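Q: Just one file: query.pdb, with PDB, C-alpha atoms.
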```pdb
ATOM      1  CA  ARG U  41     -62.464  45.825 145.668
ATOM      2  CA  TRP U  42     -63.506  42.194 146.130
ATOM      3  CA  HIS U  43     -64.551  40.095 143.170
ATOM      4  CA  PRO U  44     -67.569  37.868 143.908
ATOM      5  CA  ILE U  45     -65.422  34.768 144.152
ATOM      6  CA  GLY U  46     -63.180  36.349 146.743
ATOM      7  CA  ILE U  47     -60.126  37.552 144.831
ATOM      8  CA  LEU U  48     -58.900  41.088 145.453
ATOM      9  CA  VAL U  49     -59.158  43.082 142.234
ATOM     10  CA  GLN U  50     -57.092  46.187 141.534
ATOM     11  CA  ASP U  51     -58.829  49.481 140.909
ATOM     12  CA  PRO U  52     -57.980  51.277 137.647
ATOM     13  CA  VAL U  53     -54.283  51.687 138.065
ATOM     14  CA  GLY U  54     -52.628  55.014 138.532
ATOM     15  CA  PHE U  55     -53.088  58.363 140.090
ATOM     16  CA  ASN U  56     -55.162  60.888 138.182
ATOM     17  CA  ALA U  57     -52.750  63.785 138.085
ATOM     18  CA  ASP U  58     -54.873  66.098 135.938
ATOM     19  CA  GLU U  59     -57.822  66.024 138.220
ATOM     20  CA  ALA U  60     -55.614  66.509 141.242
ATOM     21  CA  HIS U  61     -54.029  69.483 139.500
ATOM     22  CA  ASN U  62     -57.406  71.152 139.034
ATOM     23  CA  ILE U  63     -58.559  70.500 142.560
ATOM     24  CA  VAL U  64     -55.377  71.924 144.050
ATOM     25  CA  LYS U  65     -55.722  75.040 141.940
ATOM     26  CA  GLU U  66     -59.248  75.523 143.206
ATOM     27  CA  CYS U  67     -58.178  74.978 146.804
ATOM     28  CA  VAL U  68     -55.401  77.528 146.541
ATOM     29  CA  ASP U  69     -57.617  80.037 144.767
ATOM     30  CA  GLY U  70     -60.159  79.658 147.490
ATOM     31  CA  VAL U  71     -57.755  80.187 150.349
ATOM     32  CA  LEU U  72     -55.271  82.675 148.936
ATOM     33  CA  GLY U  73     -57.513  84.250 146.294
ATOM     34  CA  GLY U  74     -57.620  87.917 146.980
ATOM     35  CA  GLU U  75     -55.253  87.981 149.917
ATOM     36  CA  ASP U  76     -51.991  89.809 150.362
ATOM     37  CA  CYS U  77     -49.036  88.191 151.987
ATOM     38  CA  ASN U  78     -49.411  88.530 155.707
ATOM     39  CA  GLN U  79     -47.126  87.181 158.418
ATOM     40  CA  ASN U  80     -49.973  86.322 160.746
ATOM     41  CA  ASN U  81     -52.090  84.357 158.348
ATOM     42  CA  ILE U  82     -49.499  82.498 156.416
ATOM     43  CA  ASN U  83     -49.486  79.639 158.881
ATOM     44  CA  GLN U  84     -53.227  79.131 158.610
ATOM     45  CA  TRP U  85     -53.260  79.391 154.864
ATOM     46  CA  THR U  86     -50.665  76.746 154.271
ATOM     47  CA  ALA U  87     -52.364  74.438 156.735
ATOM     48  CA  GLY U  88     -55.736  75.184 155.207
ATOM     49  CA  ILE U  89     -54.724  74.434 151.641
ATOM     50  CA  VAL U  90     -52.989  71.242 152.505
ATOM     51  CA  GLU U  91     -55.744  69.931 154.727
ATOM     52  CA  GLU U  92     -58.511  70.789 152.306
ATOM     53  CA  PHE U  93     -56.766  68.915 149.565
ATOM     54  CA  LEU U  94     -56.136  65.954 151.795
ATOM     55  CA  THR U  95     -59.829  65.679 152.676
ATOM     56  CA  TYR U  96     -60.648  65.624 148.983
ATOM     57  CA  LEU U  97     -58.167  62.814 148.466
ATOM     58  CA  VAL U  98     -59.608  60.837 151.335
ATOM     59  CA  LYS U  99     -63.035  60.967 149.741
ATOM     60  CA  LEU U 100     -61.683  59.198 146.685
ATOM     61  CA  VAL U 101     -61.385  56.059 148.805
ATOM     62  CA  LYS U 102     -58.489  54.460 147.018
ATOM     63  CA  ALA U 103     -55.801  52.260 148.502
ATOM     64  CA  TYR U 104     -53.267  55.081 148.479
ATOM     65  CA  LYS U 105     -51.148  56.929 150.980
ATOM     66  CA  TYR U 106     -50.772  60.638 150.308
ATOM     67  CA  ILE U 107     -48.156  63.265 151.039
ATOM     68  CA  VAL U 108     -49.092  66.880 150.373
ATOM     69  CA  THR U 109     -46.434  69.591 150.711
ATOM     70  CA  GLY U 110     -47.036  73.303 150.429
ATOM     71  CA  ALA U 111     -44.632  76.245 150.320
ATOM     72  CA  VAL U 112     -45.809  79.852 150.446
ATOM     73  CA  ILE U 113     -43.229  82.527 149.733
ATOM     74  CA  GLN U 114     -43.467  86.247 149.795
ATOM     75  CA  ARG U 115     -42.794  87.731 146.401
ATOM     76  CA  SER U 116     -39.483  89.471 146.402
ATOM     77  CA  ALA U 117     -36.356  90.034 144.409
ATOM     78  CA  TYR U 118     -34.793  86.913 145.794
ATOM     79  CA  GLY U 119     -34.524  83.502 144.229
ATOM     80  CA  PHE U 120     -35.973  80.208 145.372
ATOM     81  CA  HIS U 121     -35.443  76.669 144.070
ATOM     82  CA  THR U 122     -37.195  73.385 144.680
ATOM     83  CA  ALA U 123     -36.369  69.869 143.569
ATOM     84  CA  SER U 124     -37.708  66.470 144.429
ATOM     85  CA  SER U 125     -36.833  62.917 143.592
ATOM     86  CA  TRP U 126     -38.502  59.661 144.461
ATOM     87  CA  PHE U 127     -38.025  55.945 144.554
ATOM     88  CA  TRP U 128     -41.247  54.066 143.924
ATOM     89  CA  ASP U 129     -43.218  51.940 141.549
ATOM     90  CA  SER U 130     -43.977  54.163 138.606
ATOM     91  CA  THR U 131     -46.882  52.097 137.337
ATOM     92  CA  SER U 132     -49.081  52.714 140.353
ATOM     93  CA  ASP U 133     -47.705  55.824 142.057
ATOM     94  CA  GLY U 134     -47.927  59.361 140.855
ATOM     95  CA  THR U 135     -47.251  62.973 141.599
ATOM     96  CA  CYS U 136     -48.541  66.394 140.706
ATOM     97  CA  THR U 137     -47.088  69.856 141.304
ATOM     98  CA  VAL U 138     -49.002  73.108 141.120
ATOM     99  CA  ARG U 139     -47.521  76.592 141.025
ATOM    100  CA  TRP U 140     -49.748  79.523 141.818
ATOM    101  CA  GLU U 141     -48.992  83.177 142.195
ATOM    102  CA  ASN U 142     -50.586  86.507 142.823
ATOM    103  CA  ARG U 143     -49.323  90.001 143.326
ATOM    104  CA  THR U 144     -47.641  89.453 146.663
ATOM    105  CA  MET U 145     -46.818  85.797 146.943
ATOM    106  CA  ASN U 146     -45.966  82.535 145.274
ATOM    107  CA  CYS U 147     -47.290  79.163 146.267
ATOM    108  CA  ILE U 148     -46.025  75.691 145.330
ATOM    109  CA  VAL U 149     -48.010  72.575 146.190
ATOM    110  CA  ASN U 150     -46.672  69.026 145.662
ATOM    111  CA  VAL U 151     -48.858  65.974 145.877
ATOM    112  CA  PHE U 152     -47.454  62.448 146.038
ATOM    113  CA  ALA U 153     -49.718  59.404 145.907
ATOM    114  CA  ILE U 154     -48.265  56.027 146.821
ATOM    115  CA  ALA U 155     -50.096  52.774 146.342
ATOM    116  CA  VAL U 156     -50.409  50.623 149.426
ATOM    117  CA  VAL U 157     -50.839  47.234 147.838
ATOM    118  CA  LEU U 158     -48.400  45.766 145.335
TER     119      LEU U 158
ATOM    120  CA  MET Z 212     -52.635  42.793 154.587
ATOM    121  CA  SER Z 213     -52.101  40.078 152.043
ATOM    122  CA  LEU Z 214     -53.900  38.693 149.057
ATOM    123  CA  PRO Z 215     -55.478  35.250 148.969
ATOM    124  CA  LEU Z 216     -53.679  32.857 146.663
ATOM    125  CA  GLN Z 217     -53.681  29.383 145.238
ATOM    126  CA  VAL Z 218     -49.978  28.576 145.647
ATOM    127  CA  ILE Z 219     -48.224  28.992 148.947
ATOM    128  CA  LEU Z 220     -44.496  29.667 148.939
ATOM    129  CA  MET Z 221     -41.934  29.862 151.703
ATOM    130  CA  PRO Z 222     -42.096  33.333 153.249
ATOM    131  CA  ASP Z 223     -38.502  34.318 152.593
ATOM    132  CA  ILE Z 224     -38.534  33.249 148.965
ATOM    133  CA  ALA Z 225     -41.702  35.178 148.415
ATOM    134  CA  GLU Z 226     -40.174  38.272 149.922
ATOM    135  CA  ASP Z 227     -37.120  38.009 147.683
ATOM    136  CA  ARG Z 228     -39.324  37.757 144.680
ATOM    137  CA  ALA Z 229     -41.330  40.768 145.730
ATOM    138  CA  THR Z 230     -38.148  42.747 146.251
ATOM    139  CA  GLN Z 231     -36.862  41.655 142.887
ATOM    140  CA  SER Z 232     -39.978  42.696 141.109
ATOM    141  CA  LEU Z 233     -39.791  46.103 142.718
ATOM    142  CA  LYS Z 234     -36.220  46.487 141.572
ATOM    143  CA  LYS Z 235     -37.164  45.531 138.070
ATOM    144  CA  ARG Z 236     -39.763  48.204 137.902
ATOM    145  CA  GLY Z 237     -36.972  50.468 138.831
ATOM    146  CA  SER Z 238     -36.911  53.919 140.215
ATOM    147  CA  MET Z 239     -37.849  56.979 138.336
ATOM    148  CA  SER Z 240     -36.960  60.422 139.315
ATOM    149  CA  SER Z 241     -38.158  63.543 137.755
ATOM    150  CA  LEU Z 242     -36.375  66.639 138.832
ATOM    151  CA  SER Z 243     -37.879  69.968 138.212
ATOM    152  CA  SER Z 244     -36.514  73.129 139.537
ATOM    153  CA  HIS Z 245     -38.814  76.096 139.931
ATOM    154  CA  GLU Z 246     -37.245  79.449 140.160
ATOM    155  CA  PHE Z 247     -38.884  82.745 140.735
ATOM    156  CA  ARG Z 248     -37.103  85.823 139.464
ATOM    157  CA  ARG Z 249     -37.999  89.369 140.218
ATOM    158  CA  LYS Z 250     -40.096  91.356 137.821
ATOM    159  CA  ASP Z 251     -38.081  93.241 135.293
ATOM    160  CA  LEU Z 252     -38.591  96.884 134.588
ATOM    161  CA  HIS Z 253     -41.553  96.334 132.320
ATOM    162  CA  GLY Z 254     -43.462  94.376 134.875
ATOM    163  CA  ARG Z 255     -43.253  91.017 133.166
ATOM    164  CA  THR Z 256     -42.356  88.128 135.379
ATOM    165  CA  LYS Z 257     -39.729  85.758 134.146
ATOM    166  CA  ASP Z 258     -39.626  82.319 135.519
ATOM    167  CA  SER Z 259     -38.028  79.179 134.356
ATOM    168  CA  MET Z 260     -38.635  75.528 134.837
ATOM    169  CA  SER Z 261     -36.307  72.785 133.816
ATOM    170  CA  THR Z 262     -37.068  69.109 133.996
ATOM    171  CA  VAL Z 263     -34.711  66.174 134.020
ATOM    172  CA  SER Z 264     -36.145  62.726 134.137
ATOM    173  CA  TYR Z 265     -34.775  59.290 133.703
ATOM    174  CA  MET Z 266     -35.956  55.834 134.510
ATOM    175  CA  ASP Z 267     -33.569  53.058 135.255
ATOM    176  CA  GLU Z 268     -34.256  49.457 134.353
ATOM    177  CA  PRO Z 269     -37.676  49.862 132.829
ATOM    178  CA  SER Z 270     -39.199  46.578 131.962
ATOM    179  CA  GLN Z 271     -41.992  46.435 129.429
ATOM    180  CA  ARG Z 272     -42.789  42.841 130.122
ATOM    181  CA  ASP Z 273     -43.340  43.573 133.751
ATOM    182  CA  ASP Z 274     -45.868  46.320 133.093
ATOM    183  CA  VAL Z 275     -48.095  43.993 131.170
ATOM    184  CA  SER Z 276     -47.777  40.989 133.414
ATOM    185  CA  ARG Z 277     -48.119  43.116 136.546
ATOM    186  CA  LEU Z 278     -51.779  43.674 136.077
ATOM    187  CA  THR Z 279     -52.593  39.996 135.875
ATOM    188  CA  VAL Z 280     -50.217  38.441 138.371
ATOM    189  CA  GLN Z 281     -51.237  37.914 141.956
ATOM    190  CA  MET Z 282     -48.723  38.294 144.716
ATOM    191  CA  GLU Z 283     -47.725  35.428 146.915
ATOM    192  CA  ASN Z 284     -48.622  35.588 150.544
ATOM    193  CA  THR Z 285     -45.722  36.474 152.784
ATOM    194  CA  TYR Z 286     -47.670  36.649 156.033
ATOM    195  CA  GLN Z 287     -45.743  39.770 156.900
ATOM    196  CA  LEU Z 288     -47.832  42.429 158.553
ATOM    197  CA  GLY Z 289     -45.253  45.123 159.137
ATOM    198  CA  PRO Z 290     -41.684  46.052 158.337
ATOM    199  CA  THR Z 291     -38.943  43.973 159.953
ATOM    200  CA  LYS Z 292     -37.096  47.100 161.017
ATOM    201  CA  HIS Z 293     -38.517  50.574 161.341
ATOM    202  CA  PHE Z 294     -37.263  53.563 159.435
ATOM    203  CA  PRO Z 295     -34.164  55.009 161.108
ATOM    204  CA  VAL Z 296     -35.107  58.668 161.399
ATOM    205  CA  VAL Z 297     -32.044  59.780 163.318
ATOM    206  CA  THR Z 298     -29.597  58.190 160.886
ATOM    207  CA  VAL Z 299     -31.329  59.822 157.959
ATOM    208  CA  ASN Z 300     -31.194  63.160 159.770
ATOM    209  CA  HIS Z 301     -27.432  62.782 159.985
ATOM    210  CA  ILE Z 302     -27.237  61.951 156.297
ATOM    211  CA  LEU Z 303     -29.203  65.075 155.426
ATOM    212  CA  LYS Z 304     -26.987  67.169 157.632
ATOM    213  CA  ASP Z 305     -23.823  65.739 156.086
ATOM    214  CA  VAL Z 306     -24.924  66.151 152.506
ATOM    215  CA  LEU Z 307     -26.258  69.677 152.919
ATOM    216  CA  THR Z 308     -23.237  70.849 154.863
ATOM    217  CA  ASN Z 309     -20.766  69.341 152.434
ATOM    218  CA  TYR Z 310     -22.417  70.732 149.372
ATOM    219  CA  LEU Z 311     -23.479  74.129 150.600
ATOM    220  CA  GLN Z 312     -21.091  75.211 153.327
ATOM    221  CA  GLU Z 313     -18.974  77.528 151.224
ATOM    222  CA  GLU Z 314     -21.450  78.359 148.504
ATOM    223  CA  ALA Z 315     -22.938  81.766 147.936
ATOM    224  CA  TYR Z 316     -26.346  82.081 146.376
ATOM    225  CA  GLU Z 317     -26.331  82.156 142.581
ATOM    226  CA  PRO Z 318     -29.324  81.261 140.419
ATOM    227  CA  GLU Z 319     -27.601  78.851 138.060
ATOM    228  CA  LEU Z 320     -25.560  77.187 140.722
ATOM    229  CA  CYS Z 321     -28.499  76.638 143.008
ATOM    230  CA  ARG Z 322     -30.632  75.301 140.230
ATOM    231  CA  GLN Z 323     -28.091  72.577 139.548
ATOM    232  CA  MET Z 324     -27.453  72.114 143.213
ATOM    233  CA  THR Z 325     -31.055  71.299 144.078
ATOM    234  CA  LYS Z 326     -31.167  68.571 141.477
ATOM    235  CA  THR Z 327     -27.792  67.135 142.448
ATOM    236  CA  ILE Z 328     -28.478  67.198 146.149
ATOM    237  CA  SER Z 329     -31.828  65.491 145.845
ATOM    238  CA  GLU Z 330     -30.276  62.726 143.758
ATOM    239  CA  VAL Z 331     -27.391  62.313 146.171
ATOM    240  CA  ILE Z 332     -29.659  62.104 149.186
ATOM    241  CA  LYS Z 333     -31.901  59.621 147.467
ATOM    242  CA  ALA Z 334     -28.927  57.430 146.573
ATOM    243  CA  ARG Z 335     -27.509  57.514 150.073
ATOM    244  CA  VAL Z 336     -30.753  56.722 151.793
ATOM    245  CA  LYS Z 337     -31.429  53.971 149.286
ATOM    246  CA  ASP Z 338     -28.140  52.331 150.267
ATOM    247  CA  PHE Z 339     -29.309  51.222 153.623
ATOM    248  CA  ILE Z 340     -33.032  51.619 153.168
ATOM    249  CA  LEU Z 341     -35.030  48.634 154.219
ATOM    250  CA  PRO Z 342     -36.984  46.604 151.680
ATOM    251  CA  ARG Z 343     -40.640  47.484 151.123
ATOM    252  CA  TYR Z 344     -40.086  51.182 151.673
ATOM    253  CA  LYS Z 345     -40.736  53.840 149.042
ATOM    254  CA  LEU Z 346     -38.894  57.148 149.280
ATOM    255  CA  ILE Z 347     -39.615  60.762 148.443
ATOM    256  CA  VAL Z 348     -36.946  63.442 148.792
ATOM    257  CA  ILE Z 349     -37.769  67.149 148.561
ATOM    258  CA  ILE Z 350     -35.229  69.978 148.613
ATOM    259  CA  HIS Z 351     -35.872  73.719 148.802
ATOM    260  CA  ILE Z 352     -33.011  76.171 148.424
ATOM    261  CA  GLY Z 353     -33.503  79.899 148.670
ATOM    262  CA  GLN Z 354     -31.646  83.107 149.054
ATOM    263  CA  LEU Z 355     -31.424  84.393 152.581
ATOM    264  CA  SER Z 356     -33.094  87.758 152.829
ATOM    265  CA  SER Z 357     -35.840  89.518 154.616
ATOM    266  CA  GLN Z 358     -38.626  87.736 152.773
ATOM    267  CA  SER Z 359     -40.771  85.276 154.625
ATOM    268  CA  ILE Z 360     -41.356  81.708 153.624
ATOM    269  CA  PHE Z 361     -43.535  79.056 155.127
ATOM    270  CA  ILE Z 362     -43.355  75.374 154.188
ATOM    271  CA  GLY Z 363     -45.882  72.884 155.494
ATOM    272  CA  SER Z 364     -46.832  69.337 154.701
ATOM    273  CA  ARG Z 365     -49.532  66.891 155.674
ATOM    274  CA  CYS Z 366     -49.448  63.170 155.139
ATOM    275  CA  LEU Z 367     -52.133  60.564 155.082
ATOM    276  CA  TRP Z 368     -50.398  57.355 156.064
ATOM    277  CA  ASP Z 369     -49.821  54.816 158.767
ATOM    278  CA  PRO Z 370     -47.795  56.524 161.508
ATOM    279  CA  LYS Z 371     -46.557  53.225 162.888
ATOM    280  CA  ASN Z 372     -44.627  52.296 159.760
ATOM    281  CA  ASP Z 373     -44.073  55.517 157.852
ATOM    282  CA  ALA Z 374     -41.801  58.374 158.807
ATOM    283  CA  VAL Z 375     -40.486  61.746 157.774
ATOM    284  CA  SER Z 376     -37.058  63.193 158.353
ATOM    285  CA  SER Z 377     -36.134  66.817 157.869
ATOM    286  CA  TYR Z 378     -33.177  69.199 158.150
ATOM    287  CA  VAL Z 379     -32.687  72.945 157.704
ATOM    288  CA  PHE Z 380     -29.311  74.340 156.721
ATOM    289  CA  ARG Z 381     -28.298  77.992 156.754
ATOM    290  CA  ASN Z 382     -25.201  79.900 155.807
ATOM    291  CA  SER Z 383     -24.542  83.569 155.247
ATOM    292  CA  SER Z 384     -26.330  83.878 151.917
ATOM    293  CA  LEU Z 385     -28.685  80.957 151.509
ATOM    294  CA  PHE Z 386     -30.863  78.476 153.288
ATOM    295  CA  ALA Z 387     -31.783  74.900 152.382
ATOM    296  CA  VAL Z 388     -34.575  72.660 153.630
ATOM    297  CA  ALA Z 389     -34.482  68.915 152.995
ATOM    298  CA  ASN Z 390     -37.348  66.499 153.680
ATOM    299  CA  VAL Z 391     -37.304  62.761 153.271
ATOM    300  CA  TYR Z 392     -40.568  60.792 153.437
ATOM    301  CA  ALA Z 393     -40.486  57.010 153.750
ATOM    302  CA  VAL Z 394     -43.661  55.065 153.076
ATOM    303  CA  TYR Z 395     -44.116  51.369 153.762
ATOM    304  CA  PHE Z 396     -46.040  49.273 151.291
ATOM    305  CA  GLU Z 397     -47.298  45.744 151.302
TER     306      GLU Z 397
END
```
Just dump the structure as structure tokens.
A:
Amino acid sequence: RWHPIGILVQDPVGFNADEAHNIVKECVDGVLGGEDCNQNNINQWTAGIVEEFLTYLVKLVKAYKYIVTGAVIQRSAYGFHTASSWFWDSTSDGTCTVRWENRTMNCIVNVFAIAVVL
Amino acid sequence: MSLPLQVILMPDIAEDRATQSLKKRGSMSSLSSHEFRRKDLHGRTKDSMSTVSYMDEPSQRDDVSRLTVQMENTYQLGPTKHFPVVTVNHILKDVLTNYLQEEAYEPELCRQMTKTISEVIKARVKDFILPRYKLIVIIHIGQLSSQSIFIGSRCLWDPKNDAVSSYVFRNSSLFAVANVYAVYFE
């Protein structure tokens, strides 16, 4: 944002993780809602969830770069682990992780938002 | 892109100061490991989540002054050197192979392993990472079986300066996927 006298002013600092959390949940519910795990569709679903969420983020029009990662796993007796670590400026950057499951599959979505300007 | 300013400094001094202030803010990593276990006989699902987080060199003073200070102009439009994707690929391959070559899948072991590996990878990439780059490292480890898994990611960034590097490792009982995202900032 530009202040009237020409100095660049920062938007309210930080990434709103709670809101992002809710939006992701809605996205995933919408795409995977009543579905059963299906080899053919899994590709489309993952792409769909991630892209839908990214379009929402774009509409926010903030000076941020985004990385959205999704993993969809068939529910089975086997274990699965995920970990992530990051090196960034914790005052302006943020992350949010959403876990969702239904009868036949589990879904994990990670969102990372990184500020562009110092 | 750079901010307008009242005082103009020499470009290299300004860059040092910017790098220093990033270091002072430090790096924070929060490791959480999600594990899905099979349903037990009664149909209840057990799952566990553990979180480890630490922040090194936090600086209270910086947080307050950060909001009011304006950055000096460095006249630098892009990174001096681009992100070395191939080198990072080799690092991922080395780390995953060293840590997981002889391991068999076990819940506790893999839980610790994901956290350790992501920290190790982050430290190694940080060693020769170029200034003005932020890093994100993601590790998935799972038991090799007949289940299907699909992992996808989309990024909204500047493809000229930002990059992703990825590696998949398999042995007889487990698989591991490592992704490193590097994002350039002003």
Q: Report the residues retrieved by the PyMOL selection byres ((chain U and resi 139) around 10) from the displayed file, expressed as an mmCIF file with C-alpha atoms, in the coordinates of the input.
A:
```cif
data_model
loop_
_atom_site.group_PDB
_atom_site.id
_atom_site.type_symbol
_atom_site.label_atom_id
_atom_site.label_comp_id
_atom_site.auth_asym_id
_atom_site.auth_seq_id
_atom_site.Cartn_x
_atom_site.Cartn_y
_atom_site.Cartn_z
ATOM 1 C CA HIS U 61 -54.029 69.483 139.500
ATOM 2 C CA VAL U 64 -55.377 71.924 144.050
ATOM 3 C CA LYS U 65 -55.722 75.040 141.940
ATOM 4 C CA VAL U 68 -55.401 77.528 146.541
ATOM 5 C CA GLY U 110 -47.036 73.303 150.429
ATOM 6 C CA ALA U 111 -44.632 76.245 150.320
ATOM 7 C CA THR U 137 -47.088 69.856 141.304
ATOM 8 C CA VAL U 138 -49.002 73.108 141.120
ATOM 9 C CA TRP U 140 -49.748 79.523 141.818
ATOM 10 C CA GLU U 141 -48.992 83.177 142.195
ATOM 11 C CA ASN U 146 -45.966 82.535 145.274
ATOM 12 C CA CYS U 147 -47.290 79.163 146.267
ATOM 13 C CA ILE U 148 -46.025 75.691 145.330
ATOM 14 C CA VAL U 149 -48.010 72.575 146.190
ATOM 15 C CA ASN U 150 -46.672 69.026 145.662
ATOM 16 C CA HIS Z 245 -38.814 76.096 139.931
#
```
Q: If you measure from CA of Val379 (chain Z) to CA of Pro342 (chain Z), what distance in Å do you get, rounded to one decimal?
A: 27.4 Å
Q: Taking the file above as input, evaluate the PyMOL selection byres ((chain U) within 8 of (chain Z)) and report the hits as an NGL selection string.
A: :U and (47-48 or 79 or 82-83 or 86-87 or 90-91 or 94 or 105-131 or 154-158)
Q: State, in Å with one decimal place, the distance from CA of Ala153 (chain U) to CA of Val296 (chain Z).
A: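 Computing the Euclidean distance for CA of Ala153 (chain U) and CA of Val296 (chain Z) yields 21.3 Å.
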Q: Would you work out the distance separating CA of Ala103 (chain U) from CA of Glu283 (chain Z), expressed in Å to one decimal?
A: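 For CA of Ala103 (chain U) relative to CA of Glu283 (chain Z), the distance reads 18.7 Å.
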Q: Do you know which residues the PyMOL selection byres ((chain U and resi 55) around 7) returns on this file, as a ChimeraX atom specification?
A: /U:54,56-57,132-134,153
Q: Which residues are close to Pro295 (chain Z), i.e. within 10 Å by all atoms listed in the file, leaving aside same-chain residues fewer than 2 positions away? Reply as a short mmCIF file (atom, residue, chain, number, x, y, z; two decimals) with C-alpha atoms, keeping the file's coordinate frame.
A:
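Listing of part_39.cif after writing:
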```cif
data_model
loop_
_atom_site.label_atom_id
_atom_site.label_comp_id
_atom_site.auth_asym_id
_atom_site.auth_seq_id
_atom_site.Cartn_x
_atom_site.Cartn_y
_atom_site.Cartn_z
CA LYS Z 292 -37.10 47.10 161.02
CA HIS Z 293 -38.52 50.57 161.34
CA VAL Z 297 -32.04 59.78 163.32
CA THR Z 298 -29.60 58.19 160.89
CA VAL Z 299 -31.33 59.82 157.96
CA ASN Z 300 -31.19 63.16 159.77
CA PHE Z 339 -29.31 51.22 153.62
CA ILE Z 340 -33.03 51.62 153.17
CA LEU Z 341 -35.03 48.63 154.22
CA ALA Z 374 -41.80 58.37 158.81
CA VAL Z 375 -40.49 61.75 157.77
CA SER Z 376 -37.06 63.19 158.35
CA ALA Z 393 -40.49 57.01 153.75
#
```
Q: Output, as JSON, the centre and edge lengths in Å (one decimal) of the axis-aligned box that contains all listed atoms of region 64-78 of chain U with 8 Å of margin on each side.
A:
```
{"center_x": -54.6, "center_y": 80.9, "center_z": 148.8, "size_x": 27.1, "size_y": 33.9, "size_z": 29.8}
```
Q: Give the answer as one residue: which of U:Cys77, U:Met145, U:Leu72, U:Ile63 has the shortest atom-to-atom distance to Thr95 (chain U), using only C-alpha atoms?
A: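 Nearest to Thr95 (chain U): U:Ile63.
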Q: Could region 62-66 of chain U be completed with all heavy atoms and written as a compact mmCIF listing (two decimals), keeping the file's coordinate frame, please?
A:
```
# COMPACT_ATOMS: atom_id res chain seq x y z
N ASN U 62 -56.29 70.19 139.01
CA ASN U 62 -57.41 71.15 139.03
C ASN U 62 -57.92 71.41 140.43
O ASN U 62 -58.19 72.55 140.81
CB ASN U 62 -58.56 70.64 138.17
CG ASN U 62 -58.17 70.63 136.71
OD1 ASN U 62 -57.32 71.38 136.30
ND2 ASN U 62 -58.81 69.75 135.96
N ILE U 63 -58.04 70.34 141.21
CA ILE U 63 -58.56 70.50 142.56
C ILE U 63 -57.62 71.36 143.40
O ILE U 63 -58.05 72.23 144.15
CB ILE U 63 -58.74 69.14 143.25
CG1 ILE U 63 -59.66 68.24 142.43
CG2 ILE U 63 -59.30 69.32 144.64
CD1 ILE U 63 -61.09 68.60 142.48
N VAL U 64 -56.32 71.13 143.26
CA VAL U 64 -55.38 71.92 144.05
C VAL U 64 -55.50 73.39 143.69
O VAL U 64 -55.52 74.27 144.56
CB VAL U 64 -53.92 71.47 143.82
CG1 VAL U 64 -52.97 72.40 144.51
CG2 VAL U 64 -53.73 70.08 144.34
N LYS U 65 -55.60 73.65 142.38
CA LYS U 65 -55.72 75.04 141.94
C LYS U 65 -56.93 75.70 142.58
O LYS U 65 -56.86 76.83 143.05
CB LYS U 65 -55.90 75.07 140.43
CG LYS U 65 -54.63 75.31 139.68
CD LYS U 65 -54.95 76.05 138.45
CE LYS U 65 -53.89 76.48 137.58
NZ LYS U 65 -54.28 76.18 136.19
N GLU U 66 -58.04 74.95 142.60
CA GLU U 66 -59.25 75.52 143.21
C GLU U 66 -59.04 75.78 144.69
O GLU U 66 -59.43 76.83 145.20
CB GLU U 66 -60.42 74.57 143.03
CG GLU U 66 -61.06 74.67 141.69
CD GLU U 66 -62.12 73.60 141.52
OE1 GLU U 66 -62.70 73.17 142.54
OE2 GLU U 66 -62.34 73.19 140.36
```
